[in-house]
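Shown next: upload_1.cif, given as mmCIF, C-alpha atoms.
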```cif
data_entry
loop_
_atom_site.group_PDB
_atom_site.id
_atom_site.type_symbol
_atom_site.label_atom_id
_atom_site.label_comp_id
_atom_site.auth_asym_id
_atom_site.auth_seq_id
_atom_site.Cartn_x
_atom_site.Cartn_y
_atom_site.Cartn_z
ATOM 1 C CA MET A 1 126.887 144.769 106.805
ATOM 2 C CA ASN A 2 123.919 144.889 109.146
ATOM 3 C CA ARG A 3 120.536 143.400 108.299
ATOM 4 C CA ALA A 4 119.067 146.558 106.735
ATOM 5 C CA GLN A 5 122.171 147.096 104.596
ATOM 6 C CA ARG A 6 121.955 143.520 103.306
ATOM 7 C CA ILE A 7 118.271 143.958 102.424
ATOM 8 C CA TYR A 8 119.068 147.129 100.477
ATOM 9 C CA ALA A 9 122.094 145.509 98.824
ATOM 10 C CA LEU A 10 120.084 142.469 97.712
ATOM 11 C CA HIS A 11 117.333 144.727 96.412
ATOM 12 C CA GLY A 12 119.926 146.608 94.390
ATOM 13 C CA LEU A 13 121.321 143.385 92.919
ATOM 14 C CA LEU A 14 117.948 141.949 91.958
ATOM 15 C CA SER A 15 116.745 145.270 90.536
ATOM 16 C CA THR A 16 119.729 145.596 88.200
ATOM 17 C CA HIS A 17 119.963 141.968 87.006
ATOM 18 C CA ALA A 18 117.259 140.444 84.839
ATOM 19 C CA GLN A 19 118.908 137.022 85.027
ATOM 20 C CA ALA A 20 118.738 134.953 88.191
ATOM 21 C CA LEU A 21 121.663 135.343 90.613
ATOM 22 C CA SER A 22 123.185 132.279 92.205
ATOM 23 C CA ARG A 23 123.122 131.841 95.951
ATOM 24 C CA ARG A 24 126.941 131.893 95.985
ATOM 25 C CA ARG A 25 126.980 135.252 94.129
ATOM 26 C CA ILE A 26 124.508 136.707 96.630
ATOM 27 C CA GLN A 27 126.555 135.370 99.566
ATOM 28 C CA ASP A 28 129.683 137.026 98.232
ATOM 29 C CA GLU A 29 127.968 140.357 97.572
ATOM 30 C CA LEU A 30 126.216 140.416 100.956
ATOM 31 C CA GLU A 31 129.258 139.048 102.823
ATOM 32 C CA CYS A 32 127.230 136.488 104.734
ATOM 33 C CA SER A 33 126.462 132.789 105.082
ATOM 34 C CA GLN A 34 123.990 130.697 103.107
ATOM 35 C CA ALA A 35 121.632 130.634 106.099
ATOM 36 C CA THR A 36 121.672 134.428 106.301
ATOM 37 C CA VAL A 37 120.855 134.705 102.592
ATOM 38 C CA LYS A 38 117.859 132.422 103.074
ATOM 39 C CA ARG A 39 116.699 134.459 106.084
ATOM 40 C CA ILE A 40 117.081 137.790 104.257
ATOM 41 C CA ILE A 41 115.121 136.503 101.251
ATOM 42 C CA ALA A 42 112.380 135.111 103.501
ATOM 43 C CA GLU A 43 112.054 138.438 105.367
ATOM 44 C CA MET A 44 111.933 140.425 102.144
ATOM 45 C CA ARG A 45 109.157 138.185 100.836
ATOM 46 C CA ASP A 46 107.100 137.928 104.030
ATOM 47 C CA LEU A 47 107.561 141.381 105.595
ATOM 48 C CA LEU A 48 108.224 143.627 102.611
ATOM 49 C CA GLY A 49 106.268 141.860 99.872
ATOM 50 C CA ALA A 50 109.288 141.457 97.584
ATOM 51 C CA PRO A 51 108.417 139.293 94.495
ATOM 52 C CA ILE A 52 111.558 137.130 94.735
ATOM 53 C CA VAL A 53 111.316 133.826 92.812
ATOM 54 C CA PHE A 54 113.677 130.856 92.691
ATOM 55 C CA GLU A 55 114.666 129.346 89.323
ATOM 56 C CA ARG A 56 115.324 125.645 89.691
ATOM 57 C CA ALA A 57 117.030 125.415 86.304
ATOM 58 C CA SER A 58 119.719 127.944 87.182
ATOM 59 C CA GLY A 59 119.558 127.542 90.942
ATOM 60 C CA GLY A 60 119.312 131.295 91.355
ATOM 61 C CA TYR A 61 117.020 134.105 92.526
ATOM 62 C CA ARG A 62 115.468 137.011 90.649
ATOM 63 C CA TYR A 63 112.575 139.461 90.853
ATOM 64 C CA ASP A 64 109.405 138.233 89.150
ATOM 65 C CA SER A 65 109.166 140.447 86.049
ATOM 66 C CA GLU A 66 105.396 139.918 85.845
ATOM 67 C CA ALA A 67 104.926 141.516 89.281
ATOM 68 C CA GLY A 68 106.000 144.922 88.011
ATOM 69 C CA ALA A 69 108.526 147.339 89.496
ATOM 70 C CA PHE A 70 109.188 146.838 93.219
ATOM 71 C CA GLU A 71 110.610 149.333 95.702
ATOM 72 C CA LEU A 72 111.398 148.743 99.333
ATOM 73 C CA PRO A 73 109.021 150.536 101.737
ATOM 74 C CA GLY A 74 111.024 153.360 103.243
ATOM 75 C CA PHE A 75 113.885 152.815 100.803
ATOM 76 C CA TRP A 76 114.101 156.559 100.201
ATOM 77 C CA PHE A 77 114.058 157.502 103.917
ATOM 78 C CA ASN A 78 117.097 158.658 105.770
ATOM 79 C CA GLU A 79 117.306 158.223 109.522
ATOM 80 C CA THR A 80 115.813 161.627 110.295
ATOM 81 C CA GLU A 81 112.849 160.971 108.000
ATOM 82 C CA LEU A 82 112.243 157.607 109.636
ATOM 83 C CA HIS A 83 112.110 159.309 113.018
ATOM 84 C CA ALA A 84 109.541 161.722 111.609
ATOM 85 C CA VAL A 85 107.387 158.873 110.273
ATOM 86 C CA LEU A 86 107.500 157.048 113.584
ATOM 87 C CA ALA A 87 106.644 160.240 115.442
ATOM 88 C CA ALA A 88 103.642 160.746 113.135
ATOM 89 C CA ILE A 89 102.403 157.221 113.864
ATOM 90 C CA GLN A 90 102.997 157.765 117.579
ATOM 91 C CA PHE A 91 100.963 160.960 117.313
ATOM 92 C CA LEU A 92 98.093 159.139 115.585
ATOM 93 C CA GLU A 93 98.063 156.376 118.183
ATOM 94 C CA SER A 94 98.170 158.776 121.112
ATOM 95 C CA THR A 95 95.502 161.200 119.889
ATOM 96 C CA GLN A 96 92.878 158.733 118.674
ATOM 97 C CA PRO A 97 93.353 155.188 120.034
ATOM 98 C CA GLY A 98 91.943 152.565 117.739
ATOM 99 C CA LEU A 99 92.340 154.456 114.472
ATOM 100 C CA LEU A 100 95.585 152.702 113.599
ATOM 101 C CA GLN A 101 94.217 149.514 112.091
ATOM 102 C CA GLN A 102 96.113 146.376 111.077
ATOM 103 C CA PRO A 103 97.594 147.579 107.754
ATOM 104 C CA LEU A 104 99.287 150.512 109.479
ATOM 105 C CA ARG A 105 100.374 148.295 112.348
ATOM 106 C CA ASN A 106 102.135 146.073 109.801
ATOM 107 C CA LEU A 107 103.859 149.167 108.376
ATOM 108 C CA LEU A 108 104.895 150.203 111.868
ATOM 109 C CA GLU A 109 106.465 146.802 112.496
ATOM 110 C CA ARG A 110 108.418 147.037 109.249
ATOM 111 C CA LEU A 111 109.691 150.462 110.216
ATOM 112 C CA ARG A 112 110.624 149.184 113.663
ATOM 113 C CA LEU A 113 112.829 146.524 112.051
ATOM 114 C CA ILE A 114 114.639 149.101 109.937
ATOM 115 C CA VAL A 115 115.070 151.519 112.838
ATOM 116 C CA LYS A 116 116.381 148.710 115.037
ATOM 117 C CA ASP A 117 119.108 147.967 112.497
ATOM 118 C CA MET A 118 120.130 151.625 112.656
ATOM 119 C CA GLY A 119 120.921 151.131 116.308
ATOM 120 C CA VAL A 120 117.891 153.076 117.588
ATOM 121 C CA ASP A 121 115.815 151.672 120.430
ATOM 122 C CA MET A 122 112.115 152.314 119.805
ATOM 123 C CA ASP A 123 111.244 152.496 123.493
ATOM 124 C CA ASP A 124 114.048 154.972 124.055
ATOM 125 C CA LEU A 125 112.877 157.001 121.053
ATOM 126 C CA SER A 126 109.357 157.191 122.515
ATOM 127 C CA ARG A 127 110.790 158.543 125.758
ATOM 128 C CA ARG A 128 112.960 161.121 124.019
ATOM 129 C CA VAL A 129 110.369 162.353 121.495
ATOM 130 C CA LEU A 130 107.230 163.503 123.341
ATOM 131 C CA LEU A 131 104.036 164.698 121.685
ATOM 132 C CA HIS A 132 101.707 166.542 124.014
ATOM 133 C CA PRO A 133 98.255 167.203 122.481
ATOM 134 C CA LEU A 134 96.555 170.413 123.570
ATOM 135 C CA ARG A 135 92.998 169.749 124.762
ATOM 136 C CA PRO A 136 92.300 166.817 122.384
ATOM 137 C CA ARG A 137 88.657 166.085 121.568
ATOM 138 C CA PRO A 138 88.228 162.308 121.185
ATOM 139 C CA VAL A 139 85.814 160.841 118.650
ATOM 140 C CA HIS A 140 83.543 157.876 119.420
ATOM 141 C CA PRO A 141 85.173 154.961 117.459
ATOM 142 C CA PRO A 142 81.936 153.802 115.707
ATOM 143 C CA VAL A 143 81.416 157.371 114.507
ATOM 144 C CA PHE A 144 84.905 157.586 113.058
ATOM 145 C CA GLU A 145 84.532 154.186 111.372
ATOM 146 C CA ALA A 146 81.259 155.239 109.734
ATOM 147 C CA ILE A 147 82.794 158.525 108.572
ATOM 148 C CA ALA A 148 85.821 156.695 107.151
ATOM 149 C CA ALA A 149 83.581 154.159 105.367
ATOM 150 C CA GLY A 150 81.505 156.899 103.750
ATOM 151 C CA LEU A 151 84.506 159.044 102.864
ATOM 152 C CA LEU A 152 86.618 156.288 101.319
ATOM 153 C CA GLY A 153 83.640 154.691 99.577
ATOM 154 C CA SER A 154 82.243 158.034 98.325
ATOM 155 C CA ARG A 155 78.900 157.251 99.994
ATOM 156 C CA LYS A 156 76.376 159.471 101.708
ATOM 157 C CA ILE A 157 76.444 159.595 105.496
ATOM 158 C CA ARG A 158 73.506 160.099 107.856
ATOM 159 C CA LEU A 159 74.451 162.019 110.997
ATOM 160 C CA LEU A 160 72.904 162.949 114.283
ATOM 161 C CA TYR A 161 74.804 166.167 114.880
ATOM 162 C CA HIS A 162 74.800 168.264 118.043
ATOM 163 C CA GLY A 163 76.040 171.676 116.997
ATOM 164 C CA PRO A 164 77.556 173.792 119.788
ATOM 165 C CA ASP A 165 74.809 176.402 119.331
ATOM 166 C CA LYS A 166 71.941 173.863 119.369
ATOM 167 C CA GLN A 167 69.918 172.586 122.320
ATOM 168 C CA ALA A 168 69.583 169.055 120.930
ATOM 169 C CA PRO A 169 71.120 166.875 118.182
ATOM 170 C CA GLU A 170 69.682 167.232 114.688
ATOM 171 C CA PRO A 171 69.660 164.735 111.770
ATOM 172 C CA ARG A 172 71.745 165.572 108.712
ATOM 173 C CA THR A 173 72.492 163.753 105.467
ATOM 174 C CA ILE A 174 75.838 164.735 104.020
ATOM 175 C CA HIS A 175 78.176 164.042 101.111
ATOM 176 C CA PRO A 176 81.708 163.728 102.585
ATOM 177 C CA PHE A 177 84.563 165.581 100.877
ATOM 178 C CA ARG A 178 87.620 165.830 103.155
ATOM 179 C CA LEU A 179 88.635 164.699 106.636
ATOM 180 C CA LEU A 180 90.735 167.338 108.423
ATOM 181 C CA ARG A 181 92.895 167.188 111.539
ATOM 182 C CA TYR A 182 93.110 170.675 112.995
ATOM 183 C CA ARG A 183 94.379 171.682 116.438
ATOM 184 C CA ASP A 184 93.992 168.216 117.990
ATOM 185 C CA ALA A 185 90.453 167.764 116.689
ATOM 186 C CA TRP A 186 88.901 166.001 113.668
ATOM 187 C CA TYR A 187 86.630 167.818 111.216
ATOM 188 C CA LEU A 188 84.708 166.666 108.148
ATOM 189 C CA LEU A 189 84.261 168.988 105.189
ATOM 190 C CA ALA A 190 81.071 167.945 103.387
ATOM 191 C CA HIS A 191 78.032 169.030 101.395
ATOM 192 C CA CYS A 192 74.986 169.164 103.672
ATOM 193 C CA GLU A 193 71.672 168.319 101.975
ATOM 194 C CA ARG A 194 69.682 170.220 104.595
ATOM 195 C CA ALA A 195 71.640 173.444 104.068
ATOM 196 C CA ASP A 196 72.264 172.715 100.376
ATOM 197 C CA ASP A 197 75.754 174.068 100.917
ATOM 198 C CA ARG A 198 79.222 173.147 102.095
ATOM 199 C CA ARG A 199 79.611 172.707 105.857
ATOM 200 C CA THR A 200 82.362 171.725 108.314
ATOM 201 C CA PHE A 201 81.371 169.193 110.997
ATOM 202 C CA ALA A 202 83.353 168.570 114.191
ATOM 203 C CA LEU A 203 83.517 164.795 114.611
ATOM 204 C CA ASP A 204 83.380 164.994 118.399
ATOM 205 C CA ARG A 205 79.939 166.683 118.023
ATOM 206 C CA ILE A 206 78.561 163.741 116.017
ATOM 207 C CA VAL A 207 76.332 161.573 118.232
ATOM 208 C CA GLU A 208 75.629 158.886 115.619
ATOM 209 C CA ALA A 209 76.811 158.218 112.063
ATOM 210 C CA GLN A 210 75.825 155.700 109.407
ATOM 211 C CA ALA A 211 77.290 155.269 105.938
ATOM 212 C CA LEU A 212 74.469 154.883 103.410
ATOM 213 C CA PRO A 213 74.496 152.787 100.209
ATOM 214 C CA GLU A 214 73.800 155.820 97.974
ATOM 215 C CA GLN A 215 76.780 157.348 96.215
ATOM 216 C CA ALA A 216 77.850 160.806 97.335
ATOM 217 C CA ILE A 217 78.393 163.678 94.932
ATOM 218 C CA ARG A 218 81.982 164.204 93.868
ATOM 219 C CA PRO A 219 83.718 167.391 95.028
ATOM 220 C CA ASP A 220 85.581 169.817 92.801
ATOM 221 C CA ASN A 221 89.038 168.870 94.122
ATOM 222 C CA ALA A 222 90.808 171.805 92.524
ATOM 223 C CA ALA A 223 88.381 174.239 94.155
ATOM 224 C CA LEU A 224 88.682 172.440 97.516
ATOM 225 C CA ASP A 225 92.463 172.519 97.363
ATOM 226 C CA ALA A 226 92.363 176.260 96.699
ATOM 227 C CA LEU A 227 89.861 176.816 99.519
ATOM 228 C CA LEU A 228 91.925 174.857 102.040
ATOM 229 C CA ARG A 229 95.052 176.711 101.026
ATOM 230 C CA ASP A 230 93.528 180.174 101.163
ATOM 231 C CA SER A 231 91.333 179.812 104.250
ATOM 232 C CA PHE A 232 92.433 180.925 107.684
ATOM 233 C CA GLY A 233 91.651 178.377 110.410
ATOM 234 C CA ILE A 234 88.806 175.879 110.440
ATOM 235 C CA PHE A 235 86.157 178.351 109.255
ATOM 236 C CA LEU A 236 86.664 177.580 105.588
ATOM 237 C CA ARG A 237 85.907 180.778 103.733
ATOM 238 C CA ASN A 238 87.531 182.427 100.748
ATOM 239 C CA PRO A 239 89.644 185.310 102.100
ATOM 240 C CA SER A 240 87.651 188.499 101.708
ATOM 241 C CA HIS A 241 89.542 190.586 104.300
ATOM 242 C CA VAL A 242 93.121 191.284 105.344
ATOM 243 C CA ALA A 243 93.824 191.666 109.059
ATOM 244 C CA VAL A 244 96.531 194.217 109.836
ATOM 245 C CA LEU A 245 97.878 193.505 113.331
ATOM 246 C CA ARG A 246 100.589 195.373 115.257
ATOM 247 C CA TYR A 247 102.500 193.311 117.827
ATOM 248 C CA THR A 248 104.855 194.626 120.497
ATOM 249 C CA GLY A 249 107.122 193.156 123.179
ATOM 250 C CA GLN A 250 107.673 189.398 123.343
ATOM 251 C CA ALA A 251 104.545 188.804 121.270
ATOM 252 C CA ALA A 252 106.223 190.490 118.303
ATOM 253 C CA ARG A 253 109.149 188.068 118.402
ATOM 254 C CA TRP A 254 106.853 185.042 118.743
ATOM 255 C CA VAL A 255 104.531 186.047 115.913
ATOM 256 C CA GLN A 256 107.434 186.888 113.623
ATOM 257 C CA SER A 257 108.348 183.188 113.472
ATOM 258 C CA GLU A 258 104.780 181.887 113.019
ATOM 259 C CA ILE A 259 103.038 181.069 109.740
ATOM 260 C CA TRP A 260 99.341 181.855 109.978
ATOM 261 C CA HIS A 261 98.643 181.855 106.249
ATOM 262 C CA PRO A 262 100.771 181.133 103.142
ATOM 263 C CA ASP A 263 100.107 184.632 101.789
ATOM 264 C CA GLN A 264 100.822 186.579 104.978
ATOM 265 C CA THR A 265 103.391 189.372 105.063
ATOM 266 C CA GLY A 266 105.205 190.929 107.998
ATOM 267 C CA THR A 267 107.279 194.058 108.553
ATOM 268 C CA TRP A 268 109.137 195.544 111.509
ATOM 269 C CA ARG A 269 108.134 199.180 112.186
ATOM 270 C CA ASP A 270 109.480 201.144 115.162
ATOM 271 C CA ASN A 271 110.225 198.081 117.349
ATOM 272 C CA ALA A 272 106.812 196.583 116.536
ATOM 273 C CA TYR A 273 105.938 193.764 114.151
ATOM 274 C CA GLU A 274 103.122 194.464 111.703
ATOM 275 C CA LEU A 275 101.453 191.317 110.359
ATOM 276 C CA ARG A 276 99.041 191.242 107.419
ATOM 277 C CA VAL A 277 96.929 188.055 107.209
ATOM 278 C CA PRO A 278 94.159 187.204 104.688
ATOM 279 C CA TYR A 279 91.026 185.720 106.299
ATOM 280 C CA GLY A 280 87.370 185.096 105.551
ATOM 281 C CA ASP A 281 85.692 184.721 108.963
ATOM 282 C CA HIS A 282 86.429 186.992 111.927
ATOM 283 C CA ARG A 283 85.578 184.419 114.643
ATOM 284 C CA GLU A 284 88.816 182.458 114.722
ATOM 285 C CA MET A 285 90.893 185.501 113.878
ATOM 286 C CA THR A 286 89.366 187.193 116.930
ATOM 287 C CA MET A 287 90.357 184.279 119.169
ATOM 288 C CA GLU A 288 93.923 184.377 117.867
ATOM 289 C CA ILE A 289 94.175 188.099 118.538
ATOM 290 C CA LEU A 290 92.771 187.849 122.077
ATOM 291 C CA LYS A 291 95.526 185.396 123.053
ATOM 292 C CA TYR A 292 98.073 188.214 123.015
ATOM 293 C CA GLY A 293 96.115 190.632 125.203
ATOM 294 C CA PRO A 294 97.667 194.139 125.364
ATOM 295 C CA ASP A 295 100.590 193.132 123.112
ATOM 296 C CA VAL A 296 98.530 193.337 119.913
ATOM 297 C CA ASP A 297 96.558 196.131 118.292
ATOM 298 C CA VAL A 298 94.110 195.579 115.410
ATOM 299 C CA LEU A 299 94.745 198.281 112.813
ATOM 300 C CA GLU A 300 92.432 196.976 110.074
ATOM 301 C CA PRO A 301 89.688 196.226 109.196
ATOM 302 C CA GLU A 302 87.348 198.176 111.442
ATOM 303 C CA GLU A 303 84.806 195.348 111.805
ATOM 304 C CA LEU A 304 87.514 193.035 113.158
ATOM 305 C CA ARG A 305 88.704 195.736 115.541
ATOM 306 C CA MET A 306 85.114 196.162 116.810
ATOM 307 C CA ALA A 307 84.659 192.380 117.211
ATOM 308 C CA VAL A 308 87.792 192.210 119.374
ATOM 309 C CA ARG A 309 86.693 195.269 121.354
ATOM 310 C CA GLU A 310 83.285 193.725 122.085
ATOM 311 C CA ARG A 311 84.861 190.510 123.392
ATOM 312 C CA ILE A 312 87.249 192.452 125.619
ATOM 313 C CA MET A 313 84.436 194.601 127.001
ATOM 314 C CA ALA A 314 82.258 191.561 127.691
ATOM 315 C CA ALA A 315 85.113 189.867 129.541
ATOM 316 C CA ALA A 316 85.924 193.029 131.513
ATOM 317 C CA LYS A 317 82.331 193.210 132.831
ATOM 318 C CA LYS A 318 82.888 189.902 134.611
ATOM 319 C CA TYR A 319 85.854 191.254 136.571
ATOM 320 C CA PHE A 320 85.090 194.942 137.175
#
```

Starting from the file, give its structure as structure tokens.
Amino acid sequence: MNRAQRIYALHGLLSTHAQALSRRRIQDELECSQATVKRIIAEMRDLLGAPIVFERASGGYRYDSEAGAFELPGFWFNETELHAVLAAIQFLESTQPGLLQQPLRNLLERLRLIVKDMGVDMDDLSRRVLLHPLRPRPVHPPVFEAIAAGLLGSRKIRLLYHGPDKQAPEPRTIHPFRLLRYRDAWYLLAHCERADDRRTFALDRIVEAQALPEQAIRPDNAALDALLRDSFGIFLRNPSHVAVLRYTGQAARWVQSEIWHPDQTGTWRDNAYELRVPYGDHREMTMEILKYGPDVDVLEPEELRMAVRERIMAAAKKYF
């Protein structure tokens, strides 16, 4: 057995035996020496938080029943899932340095130990699995910390926010609801007192942030979940339109394999792919359509078709 297998085997023994197990019994089951048993128990206690106690009367080990049920972190992961977890942590570290605080670093070290016992070199894994963010928009660390403090503590947050359509930053007091990671950028979904409505704030546009002592209002989580599911893109709106888009050439094959919305539908018609996508705000839908140039045609609705036409005409004036 390797180290990880012995940890899992000992966990299985202690989980299925209420009575203390002797050191000799554990040695036989784990096929190892007394020193190895001591080392495995110490690592499970110190690194994994296992509530292993020693009974002097019986000279054996057991799980402390008063500590409640215990499961090994990552016990349900297979090797592929572990790779995915490590890649997610690598992604978080690479896109926003400093966000991965000590508790997650401890988790990362535990995962590294397990992966090492699987015969995988972490440095080699980092070279083989590359994550390349597309135009990331970093957030000032004090801003993120204030947002996190307000969000996790359900407290109001005072912002100095520089909207992209504003000449100067403006003060806002908000009630934070959800923190979103979308297209390599962070966004905060919140209730804005100034607008008396729900707003989405780009964290990279926040100049200053301060978590206040006052409690924030609680969101309707069921309604938020439905909104996030049904919305298209970062402009969180209930879907009031359905875009009907006709793709040709290579674009048709690319779009066929993409999921834009959970309720989208697609059909092949005469060597073209017709995609129907629910949406609530034409701005981001327009940007998605413009990416494909002459390989896409907006069939419906007319207002979306006109919005795309206006953008194309405005761009054409710069070149002709």

Target residues per the PyMOL selection byres ((chain A and resi 56-73) around 10), formatted as an mmCIF file with C-alpha atoms, in the frame of the given file:
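What follows is the written file selection.cif:
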```
data_model
loop_
_atom_site.group_PDB
_atom_site.id
_atom_site.type_symbol
_atom_site.label_atom_id
_atom_site.label_comp_id
_atom_site.auth_asym_id
_atom_site.auth_seq_id
_atom_site.Cartn_x
_atom_site.Cartn_y
_atom_site.Cartn_z
ATOM 1 C CA ILE A 7 118.271 143.958 102.424
ATOM 2 C CA TYR A 8 119.068 147.129 100.477
ATOM 3 C CA HIS A 11 117.333 144.727 96.412
ATOM 4 C CA GLY A 12 119.926 146.608 94.390
ATOM 5 C CA LEU A 13 121.321 143.385 92.919
ATOM 6 C CA LEU A 14 117.948 141.949 91.958
ATOM 7 C CA SER A 15 116.745 145.270 90.536
ATOM 8 C CA THR A 16 119.729 145.596 88.200
ATOM 9 C CA HIS A 17 119.963 141.968 87.006
ATOM 10 C CA ALA A 18 117.259 140.444 84.839
ATOM 11 C CA GLN A 19 118.908 137.022 85.027
ATOM 12 C CA ALA A 20 118.738 134.953 88.191
ATOM 13 C CA LEU A 21 121.663 135.343 90.613
ATOM 14 C CA SER A 22 123.185 132.279 92.205
ATOM 15 C CA ARG A 23 123.122 131.841 95.951
ATOM 16 C CA ARG A 24 126.941 131.893 95.985
ATOM 17 C CA ARG A 25 126.980 135.252 94.129
ATOM 18 C CA ILE A 26 124.508 136.707 96.630
ATOM 19 C CA ILE A 41 115.121 136.503 101.251
ATOM 20 C CA MET A 44 111.933 140.425 102.144
ATOM 21 C CA LEU A 48 108.224 143.627 102.611
ATOM 22 C CA GLY A 49 106.268 141.860 99.872
ATOM 23 C CA ALA A 50 109.288 141.457 97.584
ATOM 24 C CA PRO A 51 108.417 139.293 94.495
ATOM 25 C CA ILE A 52 111.558 137.130 94.735
ATOM 26 C CA VAL A 53 111.316 133.826 92.812
ATOM 27 C CA PHE A 54 113.677 130.856 92.691
ATOM 28 C CA GLU A 55 114.666 129.346 89.323
ATOM 29 C CA GLY A 74 111.024 153.360 103.243
ATOM 30 C CA PHE A 75 113.885 152.815 100.803
ATOM 31 C CA TRP A 76 114.101 156.559 100.201
ATOM 32 C CA PHE A 77 114.058 157.502 103.917
ATOM 33 C CA LEU A 107 103.859 149.167 108.376
ATOM 34 C CA ARG A 110 108.418 147.037 109.249
ATOM 35 C CA LEU A 111 109.691 150.462 110.216
#
```

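Among the candidate residues A:Ala4, A:Leu134, A:Ala35, A:Leu236, the one lying nearest to A:Arg199 is A:Leu236, with distances computed using only C-alpha atoms.
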
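Closest approach to A:Asp165 among A:Arg183, A:Arg205, A:Arg246, A:Arg3: A:Arg205, based on all atoms listed in the file.
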
Box time for stretch 229-232 of chain A: axis-aligned, enclosing all its listed atoms, 8 Å extra on each side; report centre and edge lengths in Å to one decimal, as lines of an AutoDock Vina configuration file.
```
center_x = 93.2
center_y = 178.8
center_z = 104.4
size_x = 19.7
size_y = 20.2
size_z = 22.7
```

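For the file at hand, the PyMOL selection byres ((chain A and resi 284) around 12) resolves to Ser231, Phe232, Gly233, Ile234, Phe235, Leu236, Arg237, Ala243, Trp260, Tyr279, Gly280, Asp281, His282, Arg283, Met285, Thr286, Met287, Glu288, Ile289, Leu290, Lys291, Leu304, Ala307 and Val308 of chain A.
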
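Against the coordinates shown, the PyMOL selection byres ((chain A and resi 143) around 10) returns Val139, His140, Pro141, Pro142, Phe144, Glu145, Ala146, Ile147, Ala148, Ala149, Leu159, Leu203, Asp204, Ile206, Val207, Glu208, Ala209, Gln210 and Ala211 of chain A.
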
Selection from above, C-alpha atoms, as a short mmCIF file (atom, residue, chain, number, x, y, z; two decimals), in the coordinates of the input, can you write it?
```
data_model
loop_
_atom_site.label_atom_id
_atom_site.label_comp_id
_atom_site.auth_asym_id
_atom_site.auth_seq_id
_atom_site.Cartn_x
_atom_site.Cartn_y
_atom_site.Cartn_z
CA VAL A 139 85.81 160.84 118.65
CA HIS A 140 83.54 157.88 119.42
CA PRO A 141 85.17 154.96 117.46
CA PRO A 142 81.94 153.80 115.71
CA PHE A 144 84.90 157.59 113.06
CA GLU A 145 84.53 154.19 111.37
CA ALA A 146 81.26 155.24 109.73
CA ILE A 147 82.79 158.52 108.57
CA ALA A 148 85.82 156.70 107.15
CA ALA A 149 83.58 154.16 105.37
CA LEU A 159 74.45 162.02 111.00
CA LEU A 203 83.52 164.80 114.61
CA ASP A 204 83.38 164.99 118.40
CA ILE A 206 78.56 163.74 116.02
CA VAL A 207 76.33 161.57 118.23
CA GLU A 208 75.63 158.89 115.62
CA ALA A 209 76.81 158.22 112.06
CA GLN A 210 75.82 155.70 109.41
CA ALA A 211 77.29 155.27 105.94
#
```

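With atom CA of A:Arg39 on one side and atom CA of A:Asp124 on the other, the separation reads 27.4 Å.
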
Spatial neighbours of stretch 226-230 of chain A, 12 Å, all atoms listed in the file, chain gap at least 5 places, as a PyMOL selection string: chain A and resi 177-180+182+189+198+200+220-221+235-242+260-264+277-281

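The two atoms in question, atom CA of A:Leu188 and atom CA of A:Ala168, are spaced 19.9 Å apart.
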
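In this structure, atom CA of A:Gln215 sits 22.2 Å away from atom CA of A:Ala202.
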
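Proximity to A:Leu160 was assessed for A:Ala185, A:Val37, A:Ala9, A:Ile174 counting only C-alpha atoms; the smallest distance is recorded for A:Ile174.
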
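In terms of minimum interatomic distance to A:Pro213, A:Gly150 ranks closest within A:Ile40, A:Pro169, A:Gly150, A:Gly266, counting all atoms listed in the file.
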
For A:Asp270: contacts at 12 Å, all atoms listed in the file, fewer than 3 positions along chain excluded, given as a PyMOL selection string: chain A and resi 246-249+252+267+273-274
